[in-house]
file input_2.txt (compact mmCIF, C-alpha atoms)
# COMPACT_ATOMS: atom_id res chain seq x y z
CA MET A 25 4.80 -1.00 24.61
CA GLY A 26 6.86 1.55 22.67
CA PHE A 27 5.21 4.09 20.42
CA ALA A 28 6.23 2.24 17.22
CA GLU A 29 4.47 -0.88 18.54
CA SER A 30 1.43 1.26 19.41
CA LEU A 31 1.28 2.40 15.79
CA PHE A 32 1.30 -1.20 14.54
CA ALA A 33 -1.38 -2.14 17.05
CA ALA A 34 -3.56 0.76 15.91
CA ALA A 35 -3.19 -0.31 12.28
CA ARG A 36 -3.99 -3.99 12.92
CA PRO A 37 -7.09 -4.25 15.12
CA LEU A 38 -7.95 -7.73 13.82
CA PRO A 39 -5.81 -10.66 12.56
CA LEU A 40 -5.55 -10.52 8.77
CA GLU A 41 -5.84 -14.30 8.47
CA THR A 42 -9.45 -13.97 9.66
CA HIS A 43 -10.43 -11.48 6.96
CA PRO A 44 -13.34 -12.81 4.84
CA PHE A 45 -11.65 -12.06 1.50
CA ILE A 46 -8.38 -13.68 2.54
CA VAL A 47 -10.21 -16.71 3.90
CA ARG A 48 -12.22 -17.06 0.67
CA VAL A 49 -9.12 -16.87 -1.53
CA ARG A 50 -7.10 -19.27 0.63
CA GLU A 51 -9.93 -21.82 0.58
CA GLY A 52 -10.52 -21.36 -3.15
CA ASP A 53 -14.05 -20.04 -2.58
CA ALA A 54 -13.50 -16.55 -4.01
CA SER A 55 -14.84 -16.16 -7.52
CA ARG A 56 -12.63 -15.17 -10.42
CA GLU A 57 -14.57 -11.91 -10.48
CA GLU A 58 -13.67 -11.18 -6.85
CA VAL A 59 -9.99 -11.77 -7.59
CA ARG A 60 -10.20 -9.66 -10.75
CA ALA A 61 -11.84 -6.80 -8.85
CA PHE A 62 -9.20 -6.92 -6.13
CA ALA A 63 -6.34 -6.97 -8.63
CA ALA A 64 -7.82 -4.06 -10.59
CA HIS A 65 -8.16 -2.04 -7.39
CA ILE A 66 -4.53 -2.74 -6.44
CA ALA A 67 -3.33 -1.70 -9.91
CA SER A 68 -5.28 1.57 -9.84
CA ALA A 69 -4.18 2.40 -6.29
CA THR A 70 -0.55 1.74 -7.15
CA GLU A 71 -0.76 4.23 -10.02
CA SER A 72 -1.58 7.01 -7.56
CA PHE A 73 0.52 5.78 -4.64
CA VAL A 74 3.73 7.48 -5.75
CA ARG A 75 1.84 10.76 -6.14
CA ALA A 76 0.67 10.40 -2.55
CA LEU A 77 4.30 10.00 -1.46
CA HIS A 78 5.20 13.16 -3.37
CA ALA A 79 2.31 14.99 -1.70
CA ILE A 80 3.60 14.09 1.77
CA LEU A 81 7.14 15.03 0.74
CA SER A 82 5.95 18.45 -0.39
CA VAL A 83 4.93 19.46 3.15
CA CYS A 84 7.21 17.27 5.30
CA THR A 85 9.54 19.30 7.52
CA ASN A 86 11.72 16.46 8.84
CA THR A 87 14.91 15.62 6.95
CA ALA A 88 15.04 11.94 7.89
CA VAL A 89 11.43 11.39 6.85
CA ARG A 90 12.00 13.26 3.57
CA HIS A 91 14.96 10.99 2.82
CA SER A 92 12.81 7.93 3.53
CA LEU A 93 10.07 9.23 1.24
CA ILE A 94 12.56 9.95 -1.57
CA ALA A 95 14.00 6.44 -1.29
CA ASN A 96 10.48 4.98 -1.42
CA ILE A 97 9.59 7.06 -4.48
CA LEU A 98 12.72 5.91 -6.30
CA GLU A 99 11.79 2.28 -5.58
CA GLU A 100 8.24 2.81 -6.80
CA GLU A 101 9.53 4.33 -10.03
CA GLY A 102 11.80 1.38 -10.76
CA THR A 103 15.11 3.16 -10.22
CA ILE A 104 18.06 0.84 -10.78
CA ASP A 105 20.96 3.29 -10.59
CA TYR A 106 21.76 6.86 -9.61
CA GLN A 107 24.98 8.75 -10.22
CA HIS A 108 25.56 12.29 -9.03
CA GLY A 109 25.68 14.65 -11.97
CA ARG A 110 24.30 12.06 -14.38
CA GLY A 111 20.91 11.32 -12.84
CA ALA A 112 18.93 8.13 -12.44
CA ARG A 113 18.29 5.13 -14.66
CA PHE A 114 14.92 3.39 -14.56
CA ASP A 115 13.81 -0.12 -15.50
CA GLN A 116 10.18 -0.28 -16.62
CA GLU A 117 10.05 -3.90 -15.49
CA ARG A 118 10.86 -2.75 -11.94
CA HIS A 119 8.27 0.05 -12.06
CA HIS A 120 5.74 -0.88 -9.37
CA PRO A 121 2.61 0.31 -11.22
CA THR A 122 3.75 -1.85 -14.17
CA LEU A 123 4.07 -4.89 -11.88
CA ALA A 124 0.65 -4.23 -10.33
CA ARG A 125 -0.98 -3.83 -13.74
CA ARG A 126 0.57 -7.12 -14.86
CA PHE A 127 -1.18 -8.84 -11.93
CA ALA A 128 -4.50 -7.20 -12.78
CA LEU A 129 -4.29 -8.09 -16.48
CA ALA A 130 -3.46 -11.69 -15.58
CA ALA A 131 -6.59 -11.69 -13.39
CA GLY A 132 -8.71 -10.68 -16.40
CA ALA A 133 -8.99 -6.92 -15.89
CA THR A 134 -8.52 -4.58 -18.83
CA ASP A 135 -6.40 -1.45 -19.10
CA ALA A 136 -9.56 0.61 -19.60
CA GLU A 137 -11.15 -0.84 -16.47
CA ILE A 138 -8.07 -0.10 -14.37
CA ASP A 139 -7.78 3.45 -15.70
CA ALA A 140 -11.47 4.14 -15.06
CA LEU A 141 -11.23 3.26 -11.36
CA GLY A 142 -9.11 6.28 -10.47
CA ILE A 143 -8.31 5.13 -6.92
CA GLU A 144 -6.91 7.98 -4.81
CA PRO A 145 -6.22 8.49 -1.10
CA PRO A 146 -9.30 9.44 0.97
CA ARG A 147 -10.39 13.04 1.38
CA TRP A 148 -9.06 13.03 4.95
CA PHE A 149 -5.56 12.48 3.58
CA ARG A 150 -5.75 15.54 1.33
CA ARG A 151 -7.33 17.72 3.98
CA SER A 152 -4.55 16.82 6.42
CA LEU A 153 -1.84 17.76 3.95
CA ASP A 154 -3.64 21.01 3.13
CA ALA A 155 -3.41 21.77 6.85
CA ARG A 156 0.35 20.97 6.76
CA ASN A 157 -0.16 17.84 8.87
CA TRP A 158 2.21 15.31 7.32
CA ILE A 159 2.63 12.97 10.31
CA GLY A 160 -0.91 11.58 10.05
CA PRO A 161 -0.73 10.92 6.29
CA PHE A 162 2.78 9.46 6.62
CA ALA A 163 1.52 7.05 9.31
CA TYR A 164 -1.47 6.23 7.09
CA ILE A 165 0.87 5.23 4.24
CA ALA A 166 3.86 3.75 6.05
CA VAL A 167 2.17 1.91 8.91
CA GLY A 168 -1.50 1.63 8.00
CA THR A 169 -1.00 0.61 4.37
CA GLU A 170 2.57 -0.53 3.77
CA ALA A 171 2.86 -2.56 6.98
CA SER A 172 -0.43 -4.31 6.12
CA THR A 173 0.45 -5.42 2.60
CA PRO A 174 3.27 -7.94 3.34
CA PRO A 175 1.24 -10.19 5.68
CA THR A 176 -1.75 -9.91 3.34
CA PHE A 177 0.25 -10.88 0.28
CA ARG A 178 1.99 -13.72 2.13
CA LEU A 179 -1.44 -15.16 2.86
CA LEU A 180 -2.81 -14.61 -0.66
CA ALA A 181 0.06 -15.42 -3.02
CA PRO A 182 0.33 -19.20 -2.42
CA ALA A 183 -3.41 -19.62 -2.87
CA LEU A 184 -3.43 -17.47 -6.01
CA GLU A 185 -0.78 -19.76 -7.47
CA GLN A 186 -2.17 -23.08 -6.30
CA ARG A 187 -5.91 -22.49 -6.55
CA TYR A 188 -6.24 -19.83 -9.27
CA GLY A 189 -3.37 -20.66 -11.62
CA PHE A 190 -1.35 -17.46 -11.40
CA GLY A 191 2.34 -17.77 -12.17
CA ALA A 192 5.20 -16.23 -10.24
CA HIS A 193 5.63 -13.64 -13.03
CA ASP A 194 1.98 -12.59 -12.64
CA LEU A 195 2.44 -12.19 -8.88
CA GLU A 196 5.77 -10.36 -8.91
CA PHE A 197 4.11 -7.25 -7.46
CA LEU A 198 2.93 -9.25 -4.44
CA TYR A 199 6.27 -10.97 -3.91
CA GLU A 200 8.18 -7.70 -4.26
CA HIS A 201 6.09 -6.03 -1.58
CA MET A 202 6.40 -8.87 0.91
CA THR A 203 9.91 -7.62 1.61
CA ALA A 204 9.93 -4.00 0.46
CA ASP A 205 6.91 -2.99 2.51
CA ASP A 206 8.10 -4.86 5.58
CA ARG A 207 11.10 -2.55 5.45
CA HIS A 208 9.05 0.56 4.73
CA GLY A 209 6.57 -0.16 7.52
CA GLU A 210 9.25 -0.77 10.14
CA GLU A 211 11.31 2.22 9.07
CA GLY A 212 8.23 4.44 8.96
CA ALA A 213 7.07 3.43 12.43
CA GLN A 214 10.50 4.04 13.93
CA LEU A 215 10.79 7.43 12.21
CA ILE A 216 7.36 8.48 13.45
CA ALA A 217 8.22 7.35 16.97
CA SER A 218 11.33 9.54 16.86
CA VAL A 219 9.63 12.69 15.54
CA ALA A 220 6.20 12.54 17.20
CA THR A 221 7.39 14.21 20.40
CA THR A 222 4.18 16.01 21.39
CA GLU A 223 0.82 14.65 22.45
CA GLU A 224 -0.83 16.17 19.39
CA ALA A 225 1.73 14.67 17.00
CA ARG A 226 1.27 11.24 18.59
CA ARG A 227 -2.50 11.60 18.33
CA GLN A 228 -2.24 12.46 14.63
CA ALA A 229 0.14 9.56 14.01
CA LEU A 230 -2.08 7.03 15.75
CA ALA A 231 -5.12 8.33 13.89
CA GLY A 232 -3.28 8.03 10.57
CA ALA A 233 -2.10 4.47 11.28
CA ARG A 234 -5.60 3.48 12.39
CA ARG A 235 -7.22 5.00 9.30
CA GLY A 236 -4.71 3.29 7.02
CA GLY A 237 -5.13 -0.12 8.60
CA THR A 238 -8.93 0.17 8.69
CA GLY A 239 -8.91 1.37 5.08
CA TRP A 240 -6.88 -1.65 3.99
CA TRP A 241 -9.32 -3.97 5.78
CA GLN A 242 -12.27 -2.25 4.08
CA ILE A 243 -10.65 -2.47 0.65
CA LEU A 244 -10.32 -6.23 1.04
CA LEU A 245 -13.85 -6.45 2.39
CA LYS A 246 -15.25 -4.70 -0.68
CA HIS A 247 -14.05 -7.59 -2.80
CA ALA A 248 -15.32 -10.44 -0.61
CA GLY A 249 -18.27 -11.62 -2.63
CA SER A 250 -18.50 -8.54 -4.85
CA PRO A 251 -17.81 -8.87 -8.60
CA VAL A 252 -17.64 -5.11 -9.11
CA PRO A 253 -14.31 -3.27 -8.69
CA ALA A 254 -14.68 -0.83 -5.81
CA SER A 255 -13.58 2.78 -5.91
CA GLY A 256 -12.27 4.70 -2.94
CA GLY A 257 -8.99 5.26 -1.18
CA TYR A 258 -6.17 2.85 -0.52
call {"tool": "encode", "arguments": {"input": "input_2.txt", "output": "C-alpha cells"}}
result
Amino acid sequence: MGFAESLFAAARPLPLETHPFIVRVREGDASREEVRAFAAHIASATESFVRALHAILSVCTNTAVRHSLIANILEEEGTIDYQHGRGARFDQERHHPTLARRFALAAGATDAEIDALGIEPPRWFRRSLDARNWIGPFAYIAVGTEASTPPTFRLLAPALEQRYGFGAHDLEFLYEHMTADDRHGEEGAQLIASVATTEEARRQALAGARRGGTGWWQILLKHAGSPVPASGGY
C-alpha cells in the first residue's frame, strides 16, 4: 500500500454506507428535523471552510501545495474567470457557501440559525497551524474531510430527492462536491505523499487524515436522531 492509500485508509475506518445517519436518510427514517440540522451544520461549516484553507496557506512552505490551496480557494469563492493584470470575476451562484446555504434553507433552516452555529475547525487544527505544522491540517481538510464528502453525498442525494422532496437546485452543493472533492481528495493525498518525506511528517499527515475522517463521521452521527443542530468542527 502506498502512502496516499494509507491516508485514505486512515480517514475511512468504517464504510460510510453503514453510518446510522446515512442509513436513516436512505431508508426515509430520518426526521425532517434531523435533515434540517445536518443541512444547517453543512452551511455553517462551509462559511468557514475557505478561511481554513487560507489559514493553511499562510504557513505552508511547499509551492505545489500552495498552488493547490489557491485553486481550491478560487473554486470555493465562485471564481469563473481570471486574467493577469485584470483580476478575477466571481459568480455568486457558484459561491460554495451560497450553494450550501440554499440547501439548508430548503431544509427549513433560517439564516439566523445558520449564522448562530459558527462552525469552525477543531482546536487541534488551530494549535497545529500555530506550531507551523501545515501537513496535518492539510491532510485533515484534503483527505479526512474532502475525500469523505463525495461518497457521503452520493449516498444521500438520491434519497433526499426521492424521499424528502428536495429538487436538484436545492442539492446543487451536494452534486457539485461529488466531483470537485473527489479531485481535491486525490490531489491532496498525492501531494502529501510526495512531500511527507520524514517519519514525523508522515505521522502528522496520518493523524490529520484520521482526525478529519473521524470528525466527519462524528458530525453525521450528531444528526442521527437529534433535532438540534450540533456545533463543533468540520
call {"tool": "atom_distance", "arguments": {"input": "input_2.txt", "atom1": "atom CA of Ser68 of chain A", "atom2": "atom CA of Asp115 of chain A"}}
result
20.0 Å
call {"tool": "closest_residue", "arguments": {"input": "input_2.txt", "among": "A:Leu195, A:Val59, A:Met202, A:Ala88", "to": "Glu170 of chain A", "atoms": "all atoms listed in the file"}}
result
A:Met202
call {"tool": "residues_around", "arguments": {"input": "input_2.txt", "residues": "segment 33-36 of chain A", "least_positions_apart": "4", "cutoff": "10 Å", "atoms": "all atoms listed in the file", "output": "number ranges by chain"}}
result
A: 25, 27-29, 40, 163-164, 167-169, 171-172, 229-241
call {"tool": "atom_distance", "arguments": {"input": "input_2.txt", "atom1": "atom CA of Gln214 of chain A", "atom2": "atom CA of Arg227 of chain A"}}
result
15.7 Å
call {"tool": "residues_around", "arguments": {"input": "input_2.txt", "residues": "Glu58 of chain A", "least_positions_apart": "6", "cutoff": "12 Å", "atoms": "only C-alpha atoms", "output": "ChimeraX atom specification"}}
result
/A:44-46,48-49,52,64-65,128,131-133,188,243-254
call {"tool": "closest_residue", "arguments": {"input": "input_2.txt", "among": "A:Val89, A:Ala76, A:Val47, A:Ala181", "to": "Pro146 of chain A", "atoms": "only C-alpha atoms"}}
result
A:Ala76
call {"tool": "atom_distance", "arguments": {"input": "input_2.txt", "atom1": "atom CA of Ala54 of chain A", "atom2": "atom CA of Pro37 of chain A"}}
result
23.6 Å
call {"tool": "closest_residue", "arguments": {"input": "input_2.txt", "among": "A:Tyr199, A:Phe32, A:Trp148, A:Phe162", "to": "Leu215 of chain A", "atoms": "only C-alpha atoms"}}
result
A:Phe162
call {"tool": "closest_residue", "arguments": {"input": "input_2.txt", "among": "A:Asp139, A:Leu38, A:His208, A:His119", "to": "Ile94 of chain A", "atoms": "all atoms listed in the file"}}
result
A:His208
call {"tool": "closest_residue", "arguments": {"input": "input_2.txt", "among": "A:Leu123, A:Leu129, A:Ala217, A:Leu81", "to": "Leu93 of chain A", "atoms": "only C-alpha atoms"}}
result
A:Leu81
call {"tool": "closest_residue", "arguments": {"input": "input_2.txt", "among": "A:Cys84, A:Ala95, A:Ala69, A:Ala130", "to": "Pro145 of chain A", "atoms": "all atoms listed in the file"}}
result
A:Ala69
call {"tool": "residues_around", "arguments": {"input": "input_2.txt", "residues": "Arg75 of chain A", "least_positions_apart": "4", "cutoff": "12 Å", "atoms": "all atoms listed in the file", "output": "VMD selection string"}}
result
chain A and resid 69 to 71 79 to 82 93 to 94 96 to 98 100 to 101 121 143 to 145 150 165
call {"tool": "residues_around", "arguments": {"input": "input_2.txt", "residues": "Ala124 of chain A", "least_positions_apart": "2", "cutoff": "8 Å", "atoms": "all atoms listed in the file", "output": "count of residues only"}}
result
11
call {"tool": "build_atoms", "arguments": {"input": "input_2.txt", "residues": "segment 138-156 of chain A", "atoms": "N, CA and C atoms", "output": "tab-separated table (two decimals), in the coordinates of the input"}}
result
chain	number	residue	atom	x	y	z
A	138	ILE	N	-8.99	-0.59	-15.40
A	138	ILE	CA	-8.07	-0.10	-14.37
A	138	ILE	C	-8.02	1.42	-14.39
A	139	ASP	N	-7.89	1.99	-15.58
A	139	ASP	CA	-7.78	3.45	-15.70
A	139	ASP	C	-9.05	4.14	-15.22
A	140	ALA	N	-10.20	3.51	-15.43
A	140	ALA	CA	-11.47	4.14	-15.06
A	140	ALA	C	-11.68	4.18	-13.55
A	141	LEU	N	-11.01	3.31	-12.80
A	141	LEU	CA	-11.23	3.26	-11.36
A	141	LEU	C	-10.77	4.54	-10.66
A	142	GLY	N	-9.60	5.03	-11.02
A	142	GLY	CA	-9.11	6.28	-10.47
A	142	GLY	C	-9.00	6.28	-8.95
A	143	ILE	N	-8.45	5.22	-8.38
A	143	ILE	CA	-8.31	5.13	-6.92
A	143	ILE	C	-7.34	6.21	-6.43
A	144	GLU	N	-7.74	6.95	-5.42
A	144	GLU	CA	-6.91	7.98	-4.81
A	144	GLU	C	-7.01	7.85	-3.29
A	145	PRO	N	-6.09	8.50	-2.56
A	145	PRO	CA	-6.22	8.49	-1.10
A	145	PRO	C	-7.55	9.13	-0.68
A	146	PRO	N	-8.03	8.86	0.51
A	146	PRO	CA	-9.30	9.44	0.97
A	146	PRO	C	-9.20	10.94	1.16
A	147	ARG	N	-10.35	11.59	1.23
A	147	ARG	CA	-10.39	13.04	1.38
A	147	ARG	C	-9.67	13.50	2.64
A	148	TRP	N	-9.76	12.70	3.71
A	148	TRP	CA	-9.06	13.03	4.95
A	148	TRP	C	-7.58	13.24	4.72
A	149	PHE	N	-6.99	12.42	3.88
A	149	PHE	CA	-5.56	12.48	3.58
A	149	PHE	C	-5.22	13.83	2.98
A	150	ARG	N	-6.01	14.26	2.00
A	150	ARG	CA	-5.75	15.54	1.33
A	150	ARG	C	-5.99	16.71	2.27
A	151	ARG	N	-7.05	16.62	3.05
A	151	ARG	CA	-7.33	17.72	3.98
A	151	ARG	C	-6.20	17.87	5.00
A	152	SER	N	-5.65	16.76	5.47
A	152	SER	CA	-4.55	16.82	6.42
A	152	SER	C	-3.34	17.50	5.82
A	153	LEU	N	-3.00	17.15	4.59
A	153	LEU	CA	-1.84	17.76	3.95
A	153	LEU	C	-2.08	19.24	3.68
A	154	ASP	N	-3.31	19.59	3.33
A	154	ASP	CA	-3.64	21.01	3.13
A	154	ASP	C	-3.42	21.80	4.41
A	155	ALA	N	-3.61	21.13	5.56
A	155	ALA	CA	-3.41	21.77	6.85
A	155	ALA	C	-1.96	21.64	7.33
A	156	ARG	N	-1.07	21.15	6.47
A	156	ARG	CA	0.35	20.97	6.76
A	156	ARG	C	0.61	19.88	7.80
